[in-house]
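Listing of structure18.txt, compact mmCIF, N, CA and C atoms
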```
# COMPACT_ATOMS: atom_id res chain seq x y z
N MET A 1 1.87 3.92 13.92
CA MET A 1 2.06 2.57 13.42
C MET A 1 1.05 2.28 12.32
N ILE A 2 1.49 1.56 11.32
CA ILE A 2 0.62 1.14 10.23
C ILE A 2 -0.07 -0.15 10.66
N LYS A 3 -1.39 -0.18 10.54
CA LYS A 3 -2.17 -1.36 10.91
C LYS A 3 -2.30 -2.32 9.73
N TYR A 4 -2.60 -1.77 8.55
CA TYR A 4 -2.64 -2.59 7.35
C TYR A 4 -2.45 -1.72 6.13
N PHE A 5 -2.08 -2.37 5.04
CA PHE A 5 -1.75 -1.73 3.77
C PHE A 5 -2.47 -2.48 2.67
N TYR A 6 -3.21 -1.75 1.84
CA TYR A 6 -3.95 -2.38 0.74
C TYR A 6 -3.62 -1.70 -0.58
N ILE A 7 -3.70 -2.47 -1.63
CA ILE A 7 -3.82 -1.92 -2.98
C ILE A 7 -5.08 -2.58 -3.54
N ILE A 8 -6.04 -1.74 -3.90
CA ILE A 8 -7.33 -2.24 -4.38
C ILE A 8 -7.64 -1.58 -5.72
N GLY A 9 -8.09 -2.38 -6.68
CA GLY A 9 -8.52 -1.85 -7.97
C GLY A 9 -9.84 -1.11 -7.81
N LYS A 10 -10.15 -0.24 -8.75
CA LYS A 10 -11.37 0.56 -8.59
C LYS A 10 -12.64 -0.28 -8.68
N GLN A 11 -12.53 -1.52 -9.20
CA GLN A 11 -13.68 -2.42 -9.19
C GLN A 11 -13.85 -3.11 -7.85
N GLY A 12 -12.91 -2.92 -6.94
CA GLY A 12 -13.03 -3.48 -5.61
C GLY A 12 -12.23 -4.75 -5.39
N ARG A 13 -11.43 -5.15 -6.36
CA ARG A 13 -10.61 -6.35 -6.20
C ARG A 13 -9.32 -5.99 -5.47
N THR A 14 -9.05 -6.71 -4.42
CA THR A 14 -7.83 -6.48 -3.66
C THR A 14 -6.66 -7.07 -4.43
N ARG A 15 -5.68 -6.23 -4.72
CA ARG A 15 -4.49 -6.67 -5.45
C ARG A 15 -3.35 -7.01 -4.50
N LEU A 16 -3.32 -6.36 -3.33
CA LEU A 16 -2.30 -6.64 -2.34
C LEU A 16 -2.86 -6.24 -0.98
N SER A 17 -2.62 -7.05 0.00
CA SER A 17 -2.98 -6.68 1.38
C SER A 17 -1.89 -7.18 2.31
N ARG A 18 -1.52 -6.35 3.23
CA ARG A 18 -0.51 -6.71 4.22
C ARG A 18 -0.99 -6.18 5.57
N TYR A 19 -1.09 -7.07 6.53
CA TYR A 19 -1.56 -6.73 7.87
C TYR A 19 -0.39 -6.70 8.84
N TYR A 20 -0.36 -5.68 9.67
CA TYR A 20 0.70 -5.54 10.67
C TYR A 20 0.15 -5.69 12.08
N GLU A 21 -1.09 -6.09 12.18
CA GLU A 21 -1.69 -6.47 13.45
C GLU A 21 -2.59 -7.66 13.17
N ASN A 22 -2.95 -8.37 14.21
CA ASN A 22 -3.74 -9.58 14.04
C ASN A 22 -5.19 -9.23 13.68
N VAL A 23 -5.58 -9.61 12.49
CA VAL A 23 -6.96 -9.48 12.04
C VAL A 23 -7.40 -10.87 11.60
N PRO A 24 -8.47 -11.41 12.19
CA PRO A 24 -8.91 -12.75 11.80
C PRO A 24 -9.15 -12.86 10.30
N LEU A 25 -8.76 -13.98 9.75
CA LEU A 25 -8.86 -14.20 8.31
C LEU A 25 -10.28 -14.02 7.79
N LYS A 26 -11.25 -14.47 8.56
CA LYS A 26 -12.65 -14.39 8.13
C LYS A 26 -13.15 -12.96 8.01
N SER A 27 -12.60 -12.04 8.80
CA SER A 27 -13.08 -10.66 8.77
C SER A 27 -12.28 -9.77 7.82
N ARG A 28 -11.20 -10.27 7.25
CA ARG A 28 -10.37 -9.45 6.37
C ARG A 28 -11.10 -9.01 5.10
N THR A 29 -11.79 -9.93 4.47
CA THR A 29 -12.50 -9.59 3.23
C THR A 29 -13.57 -8.55 3.48
N ALA A 30 -14.31 -8.70 4.57
CA ALA A 30 -15.34 -7.72 4.90
C ALA A 30 -14.72 -6.37 5.22
N LEU A 31 -13.61 -6.37 5.92
CA LEU A 31 -12.91 -5.14 6.26
C LEU A 31 -12.43 -4.43 5.00
N GLU A 32 -11.82 -5.17 4.09
CA GLU A 32 -11.33 -4.60 2.84
C GLU A 32 -12.46 -4.00 2.01
N SER A 33 -13.55 -4.72 1.88
CA SER A 33 -14.66 -4.20 1.08
C SER A 33 -15.34 -3.02 1.74
N ASP A 34 -15.42 -3.01 3.07
CA ASP A 34 -16.02 -1.87 3.77
C ASP A 34 -15.16 -0.62 3.63
N VAL A 35 -13.86 -0.77 3.76
CA VAL A 35 -12.96 0.37 3.58
C VAL A 35 -13.06 0.89 2.15
N HIS A 36 -13.06 -0.01 1.18
CA HIS A 36 -13.17 0.39 -0.23
C HIS A 36 -14.49 1.11 -0.49
N ARG A 37 -15.56 0.59 0.08
CA ARG A 37 -16.88 1.22 -0.09
C ARG A 37 -16.88 2.64 0.49
N ASN A 38 -16.26 2.81 1.66
CA ASN A 38 -16.17 4.14 2.27
C ASN A 38 -15.39 5.11 1.40
N ILE A 39 -14.34 4.62 0.78
CA ILE A 39 -13.53 5.48 -0.09
C ILE A 39 -14.30 5.87 -1.35
N LEU A 40 -15.01 4.92 -1.93
CA LEU A 40 -15.77 5.22 -3.15
C LEU A 40 -16.89 6.22 -2.93
N THR A 41 -17.44 6.28 -1.72
CA THR A 41 -18.54 7.22 -1.45
C THR A 41 -18.04 8.64 -1.21
N ARG A 42 -16.76 8.82 -1.06
CA ARG A 42 -16.21 10.14 -0.82
C ARG A 42 -16.12 10.93 -2.13
N THR A 43 -16.34 12.23 -2.03
CA THR A 43 -16.26 13.08 -3.22
C THR A 43 -14.83 13.55 -3.43
N LYS A 44 -14.56 14.12 -4.59
CA LYS A 44 -13.22 14.63 -4.90
C LYS A 44 -12.85 15.83 -4.03
N ASP A 45 -13.86 16.49 -3.47
CA ASP A 45 -13.61 17.66 -2.63
C ASP A 45 -13.21 17.29 -1.20
N GLN A 46 -13.42 16.05 -0.83
CA GLN A 46 -13.08 15.62 0.52
C GLN A 46 -11.59 15.25 0.61
N CYS A 47 -11.05 15.36 1.82
CA CYS A 47 -9.64 15.05 2.01
C CYS A 47 -9.39 13.55 1.84
N LEU A 48 -8.13 13.17 1.78
CA LEU A 48 -7.74 11.80 1.48
C LEU A 48 -7.54 10.95 2.72
N PHE A 49 -8.17 11.33 3.82
CA PHE A 49 -8.11 10.51 5.03
C PHE A 49 -9.40 10.71 5.82
N PHE A 50 -9.73 9.69 6.61
CA PHE A 50 -10.93 9.75 7.45
C PHE A 50 -10.78 8.74 8.58
N ASN A 51 -11.53 8.96 9.65
CA ASN A 51 -11.52 8.04 10.78
C ASN A 51 -12.40 6.83 10.46
N TYR A 52 -11.90 5.68 10.82
CA TYR A 52 -12.63 4.43 10.60
C TYR A 52 -12.33 3.52 11.77
N GLN A 53 -13.35 3.10 12.47
CA GLN A 53 -13.21 2.29 13.68
C GLN A 53 -12.26 3.00 14.64
N ASP A 54 -11.17 2.39 15.03
CA ASP A 54 -10.27 3.04 15.99
C ASP A 54 -8.96 3.49 15.36
N TYR A 55 -8.96 3.74 14.04
CA TYR A 55 -7.77 4.24 13.38
C TYR A 55 -8.16 5.12 12.20
N LYS A 56 -7.17 5.67 11.52
CA LYS A 56 -7.39 6.52 10.36
C LYS A 56 -7.10 5.75 9.10
N ILE A 57 -7.90 6.01 8.10
CA ILE A 57 -7.64 5.49 6.76
C ILE A 57 -7.07 6.64 5.94
N VAL A 58 -5.92 6.39 5.34
CA VAL A 58 -5.28 7.37 4.46
C VAL A 58 -5.14 6.67 3.11
N TYR A 59 -5.57 7.35 2.05
CA TYR A 59 -5.56 6.69 0.75
C TYR A 59 -5.20 7.68 -0.35
N ARG A 60 -4.84 7.12 -1.47
CA ARG A 60 -4.56 7.91 -2.65
C ARG A 60 -4.88 7.06 -3.86
N ARG A 61 -5.40 7.70 -4.89
CA ARG A 61 -5.74 6.98 -6.10
C ARG A 61 -4.69 7.24 -7.18
N TYR A 62 -4.22 6.17 -7.80
CA TYR A 62 -3.29 6.25 -8.92
C TYR A 62 -3.90 5.46 -10.06
N SER A 63 -4.31 6.15 -11.09
CA SER A 63 -5.03 5.60 -12.25
C SER A 63 -6.14 4.68 -11.78
N SER A 64 -6.03 3.38 -11.94
CA SER A 64 -7.13 2.48 -11.58
C SER A 64 -6.93 1.82 -10.22
N LEU A 65 -5.97 2.28 -9.45
CA LEU A 65 -5.65 1.65 -8.16
C LEU A 65 -5.82 2.62 -7.00
N PHE A 66 -6.27 2.08 -5.87
CA PHE A 66 -6.28 2.82 -4.62
C PHE A 66 -5.21 2.21 -3.73
N VAL A 67 -4.31 3.05 -3.23
CA VAL A 67 -3.32 2.62 -2.25
C VAL A 67 -3.82 3.12 -0.91
N ILE A 68 -4.00 2.20 0.03
CA ILE A 68 -4.69 2.51 1.28
C ILE A 68 -3.83 2.10 2.47
N LEU A 69 -3.73 2.99 3.44
CA LEU A 69 -3.06 2.71 4.70
C LEU A 69 -4.06 2.89 5.83
N ALA A 70 -4.02 2.03 6.80
CA ALA A 70 -4.75 2.24 8.06
C ALA A 70 -3.68 2.49 9.10
N VAL A 71 -3.76 3.63 9.79
CA VAL A 71 -2.73 4.02 10.75
C VAL A 71 -3.38 4.38 12.08
N ASP A 72 -2.55 4.43 13.13
CA ASP A 72 -3.03 4.89 14.43
C ASP A 72 -3.60 6.30 14.31
N GLU A 73 -4.51 6.64 15.22
CA GLU A 73 -5.10 7.97 15.19
C GLU A 73 -4.09 9.08 15.45
N GLU A 74 -2.97 8.75 16.11
CA GLU A 74 -1.95 9.75 16.41
C GLU A 74 -1.03 10.03 15.23
N GLU A 75 -1.05 9.18 14.23
CA GLU A 75 -0.14 9.34 13.09
C GLU A 75 -0.49 10.58 12.27
N ASN A 76 0.53 11.15 11.68
CA ASN A 76 0.37 12.32 10.83
C ASN A 76 -0.15 11.90 9.46
N GLU A 77 -1.27 12.48 9.05
CA GLU A 77 -1.90 12.11 7.78
C GLU A 77 -1.03 12.49 6.59
N VAL A 78 -0.38 13.66 6.66
CA VAL A 78 0.45 14.11 5.56
C VAL A 78 1.66 13.19 5.40
N ALA A 79 2.26 12.77 6.51
CA ALA A 79 3.38 11.84 6.44
C ALA A 79 2.93 10.51 5.83
N SER A 80 1.73 10.08 6.14
CA SER A 80 1.20 8.84 5.57
C SER A 80 0.97 8.99 4.07
N LEU A 81 0.46 10.14 3.64
CA LEU A 81 0.29 10.40 2.21
C LEU A 81 1.65 10.43 1.51
N GLU A 82 2.64 11.01 2.16
CA GLU A 82 3.99 11.04 1.59
C GLU A 82 4.57 9.63 1.47
N PHE A 83 4.27 8.77 2.44
CA PHE A 83 4.73 7.39 2.35
C PHE A 83 4.10 6.69 1.15
N ILE A 84 2.80 6.90 0.95
CA ILE A 84 2.12 6.30 -0.21
C ILE A 84 2.78 6.79 -1.49
N GLN A 85 3.07 8.10 -1.56
CA GLN A 85 3.73 8.66 -2.73
C GLN A 85 5.10 8.03 -2.95
N LEU A 86 5.85 7.85 -1.87
CA LEU A 86 7.17 7.21 -1.96
C LEU A 86 7.05 5.78 -2.46
N PHE A 87 6.06 5.05 -1.97
CA PHE A 87 5.84 3.67 -2.42
C PHE A 87 5.58 3.63 -3.92
N ILE A 88 4.72 4.50 -4.41
CA ILE A 88 4.41 4.54 -5.84
C ILE A 88 5.63 4.97 -6.65
N GLU A 89 6.38 5.95 -6.17
CA GLU A 89 7.60 6.37 -6.87
C GLU A 89 8.61 5.22 -6.95
N THR A 90 8.71 4.45 -5.88
CA THR A 90 9.61 3.30 -5.86
C THR A 90 9.17 2.26 -6.90
N LEU A 91 7.87 1.97 -6.93
CA LEU A 91 7.36 1.03 -7.93
C LEU A 91 7.57 1.57 -9.34
N ASN A 92 7.34 2.86 -9.53
CA ASN A 92 7.54 3.46 -10.86
C ASN A 92 8.99 3.36 -11.30
N LYS A 93 9.91 3.55 -10.38
CA LYS A 93 11.32 3.45 -10.74
C LYS A 93 11.69 2.01 -11.09
N TYR A 94 11.19 1.06 -10.33
CA TYR A 94 11.53 -0.34 -10.59
C TYR A 94 10.87 -0.86 -11.86
N PHE A 95 9.59 -0.59 -12.03
CA PHE A 95 8.85 -1.12 -13.18
C PHE A 95 8.84 -0.17 -14.37
N GLU A 96 9.47 0.98 -14.23
CA GLU A 96 9.48 2.01 -15.28
C GLU A 96 8.06 2.39 -15.67
N GLY A 97 7.28 2.75 -14.68
CA GLY A 97 5.87 3.11 -14.88
C GLY A 97 4.98 1.96 -14.47
N VAL A 98 4.59 1.94 -13.22
CA VAL A 98 3.83 0.80 -12.68
C VAL A 98 2.37 0.89 -13.12
N ASN A 99 1.77 -0.27 -13.34
CA ASN A 99 0.33 -0.33 -13.60
C ASN A 99 -0.23 -1.56 -12.89
N GLU A 100 -1.52 -1.74 -13.01
CA GLU A 100 -2.18 -2.84 -12.29
C GLU A 100 -1.65 -4.21 -12.71
N MET A 101 -1.29 -4.36 -13.96
CA MET A 101 -0.77 -5.64 -14.44
C MET A 101 0.59 -5.96 -13.82
N ASP A 102 1.42 -4.94 -13.62
CA ASP A 102 2.71 -5.16 -12.94
C ASP A 102 2.49 -5.71 -11.54
N ILE A 103 1.50 -5.20 -10.86
CA ILE A 103 1.21 -5.66 -9.50
C ILE A 103 0.69 -7.09 -9.53
N LEU A 104 -0.18 -7.39 -10.47
CA LEU A 104 -0.74 -8.75 -10.56
C LEU A 104 0.32 -9.80 -10.85
N TYR A 105 1.23 -9.50 -11.78
CA TYR A 105 2.19 -10.51 -12.22
C TYR A 105 3.52 -10.47 -11.49
N ASN A 106 3.71 -9.50 -10.61
CA ASN A 106 4.96 -9.39 -9.86
C ASN A 106 4.68 -9.19 -8.38
N LEU A 107 3.70 -9.88 -7.88
CA LEU A 107 3.28 -9.69 -6.50
C LEU A 107 4.39 -9.95 -5.50
N GLU A 108 5.21 -10.97 -5.75
CA GLU A 108 6.30 -11.27 -4.81
C GLU A 108 7.31 -10.13 -4.75
N LYS A 109 7.55 -9.47 -5.88
CA LYS A 109 8.47 -8.32 -5.90
C LYS A 109 7.88 -7.13 -5.17
N ILE A 110 6.58 -6.95 -5.30
CA ILE A 110 5.90 -5.86 -4.57
C ILE A 110 6.02 -6.11 -3.07
N HIS A 111 5.84 -7.35 -2.66
CA HIS A 111 5.97 -7.68 -1.24
C HIS A 111 7.40 -7.44 -0.74
N ILE A 112 8.38 -7.77 -1.55
CA ILE A 112 9.78 -7.53 -1.16
C ILE A 112 10.02 -6.03 -0.99
N ILE A 113 9.55 -5.24 -1.92
CA ILE A 113 9.71 -3.78 -1.82
C ILE A 113 9.02 -3.26 -0.58
N LEU A 114 7.81 -3.71 -0.34
CA LEU A 114 7.06 -3.26 0.84
C LEU A 114 7.76 -3.70 2.14
N ASP A 115 8.32 -4.90 2.14
CA ASP A 115 9.04 -5.38 3.32
C ASP A 115 10.32 -4.59 3.58
N GLU A 116 10.92 -4.06 2.54
CA GLU A 116 12.10 -3.21 2.73
C GLU A 116 11.70 -1.86 3.33
N MET A 117 10.48 -1.44 3.09
CA MET A 117 10.03 -0.12 3.56
C MET A 117 9.40 -0.17 4.95
N ILE A 118 8.63 -1.22 5.22
CA ILE A 118 7.88 -1.32 6.48
C ILE A 118 8.30 -2.58 7.21
N VAL A 119 8.59 -2.44 8.49
CA VAL A 119 8.90 -3.59 9.33
C VAL A 119 8.03 -3.50 10.58
N ASN A 120 7.22 -4.53 10.80
CA ASN A 120 6.32 -4.61 11.95
C ASN A 120 5.42 -3.38 12.09
N GLY A 121 5.02 -2.82 10.98
CA GLY A 121 4.10 -1.69 11.01
C GLY A 121 4.75 -0.33 11.11
N TYR A 122 6.07 -0.29 11.14
CA TYR A 122 6.79 0.97 11.24
C TYR A 122 7.60 1.21 9.97
N ILE A 123 7.60 2.45 9.50
CA ILE A 123 8.36 2.79 8.31
C ILE A 123 9.84 2.78 8.67
N LEU A 124 10.59 1.96 7.97
CA LEU A 124 11.99 1.78 8.29
C LEU A 124 12.90 2.46 7.28
N GLU A 125 12.57 2.36 6.00
CA GLU A 125 13.46 2.88 4.96
C GLU A 125 12.68 3.77 4.00
N THR A 126 13.29 4.91 3.64
CA THR A 126 12.65 5.83 2.70
C THR A 126 13.55 6.18 1.52
N ASN A 127 14.75 5.63 1.48
CA ASN A 127 15.67 5.89 0.39
C ASN A 127 15.38 4.90 -0.73
N ILE A 128 14.95 5.39 -1.88
CA ILE A 128 14.54 4.52 -2.98
C ILE A 128 15.66 3.60 -3.43
N ALA A 129 16.88 4.10 -3.51
CA ALA A 129 18.01 3.27 -3.94
C ALA A 129 18.24 2.11 -2.97
N LYS A 130 18.15 2.37 -1.68
CA LYS A 130 18.34 1.31 -0.69
C LYS A 130 17.17 0.33 -0.69
N ILE A 131 15.98 0.83 -0.95
CA ILE A 131 14.80 -0.04 -1.01
C ILE A 131 14.92 -1.03 -2.17
N LEU A 132 15.38 -0.53 -3.31
CA LEU A 132 15.45 -1.36 -4.52
C LEU A 132 16.70 -2.23 -4.59
N GLN A 133 17.69 -1.96 -3.77
CA GLN A 133 18.96 -2.69 -3.85
C GLN A 133 18.80 -4.21 -3.73
N PRO A 134 18.08 -4.75 -2.74
CA PRO A 134 17.96 -6.21 -2.66
C PRO A 134 17.27 -6.85 -3.86
N ILE A 135 16.25 -6.21 -4.36
CA ILE A 135 15.52 -6.80 -5.49
C ILE A 135 16.33 -6.70 -6.78
N GLN A 136 17.15 -5.66 -6.91
CA GLN A 136 18.02 -5.55 -8.08
C GLN A 136 19.12 -6.61 -8.03
N ILE A 137 19.60 -6.92 -6.84
CA ILE A 137 20.58 -7.99 -6.69
C ILE A 137 19.95 -9.33 -7.08
N MET A 138 18.73 -9.54 -6.63
CA MET A 138 18.02 -10.78 -6.99
C MET A 138 17.83 -10.89 -8.50
N ASP A 139 17.51 -9.76 -9.15
CA ASP A 139 17.34 -9.77 -10.60
C ASP A 139 18.65 -10.11 -11.32
N LYS A 140 19.77 -9.56 -10.83
CA LYS A 140 21.06 -9.86 -11.45
C LYS A 140 21.41 -11.34 -11.31
N VAL A 141 21.17 -11.92 -10.13
CA VAL A 141 21.49 -13.32 -9.90
C VAL A 141 20.60 -14.22 -10.76
N SER A 142 19.34 -13.86 -10.91
CA SER A 142 18.42 -14.71 -11.69
C SER A 142 18.70 -14.65 -13.19
N LYS A 143 19.39 -13.61 -13.66
CA LYS A 143 19.70 -13.50 -15.10
C LYS A 143 20.89 -14.36 -15.48
N ARG A 144 21.66 -14.80 -14.50
CA ARG A 144 22.86 -15.59 -14.79
C ARG A 144 22.51 -16.98 -15.20
```

Would you encode the structure as structure tokens?
Amino acid sequence: MIKYFYIIGKQGRTRLSRYYENVPLKSRTALESDVHRNILTRTKDQCLFFNYQDYKIVYRRYSSLFVILAVDEEENEVASLEFIQLFIETLNKYFEGVNEMDILYNLEKIHIILDEMIVNGYILETNIAKILQPIQIMDKVSKR
């Protein structure tokens, strides 16, 4: 199960966060910055996942963004990395090359895409065409 999902800029600014378990609002900022700090201290030779508190952090860097998942300790790290890759590929297909500005100015669309992929912390959909179908319908209706 996915505990939370972050997109954080390399300067440490959270661009998107989605929690799938109850985390008090006051501790979210500290949690995000601590996870980001742990990622920044890792070298390029280290793997893209590590244990943190009672779960695993799996992350990947895409240009100036870190996409971060916190998952149960039993979850497969490679499957989590593949999910991150799928998420980025989906964004790239929709935005024709996603960047940090796309995320900043289209946050509601990013949330819709993420909601199509993850439901209650479980990966539900992995087909890019099916993931993008609702948002493409919304785009067609809004152009009328």

Exercise. What's the 6 Å shell around range 13-29 of chain A, counting all atoms listed in the file, without same-chain residues fewer than 5 positions away, as a list of chain:residue names?
Worked result: A:Ile2, A:Lys3, A:Tyr4, A:Phe5, A:Tyr6, A:Ile7, A:Ile8, A:Asp34, A:Asn120, A:Gly121

Problem set entry | Counting only C-alpha atoms, the option among A:Val35, A:Leu91, A:Val98, A:Met1 closest to Ser63 in chain A |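 So, comparing all the options, the nearest one is A:Val98.
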
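Considering only N, CA and C atoms, the residue among A:Leu114, A:Leu40, A:Ile135, A:Leu81 positioned nearest to Val58 in chain A is A:Leu81.
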
So that all listed atoms of range 100-113 of chain A fit with 8 Å spare on each side, what axis-aligned box centre and edge lengths in Å, to one decimal, would you give as lines of an AutoDock Vina configuration file?
```
center_x = 3.9
center_y = -6.5
center_z = -7.5
size_x = 28.2
size_y = 25.5
size_z = 29.9
```

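Using only N, CA and C atoms for every distance, the candidate list A:Leu86, A:Leu65, A:Ile112, A:Pro134 yields A:Leu65 as the residue closest to Glu100 in chain A.
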
For this session: Step one, run DSSP on the backbone; step two, keep only residues of chain A assigned to alpha helix (DSSP H); then write them as number ranges by chain.
Result: A: 25-40, 77-95, 100-105, 107-117, 128-143

Exercise. Separation of atom C of Gln46 in chain A and CA of Asn76 in chain A, in Å?
Worked result: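 Atom-to-atom, atom C of Gln46 in chain A to CA of Asn76 in chain A, that is 16.0 Å.
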
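Reported to one decimal place, the separation of CA of Gln85 in chain A from CA of Phe66 in chain A is 11.7 Å.
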
Exercise. Pick from A:Glu82, A:Asp102, A:Glu108, A:Glu89: nearest to Ala129 in chain A, with only C-alpha atoms counted?
Worked result: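 That would be A:Glu89, the residue with the smallest distance to Ala129 in chain A.
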
Problem set entry | Polymer residues at most 8 Å from range 77-80 of chain A, all atoms listed in the file, same-chain spacing of 3 or more positions, as JSON, numbers by chain | {"A": [48, 49, 57, 58, 59, 69, 73, 74, 83, 84, 85, 86]}
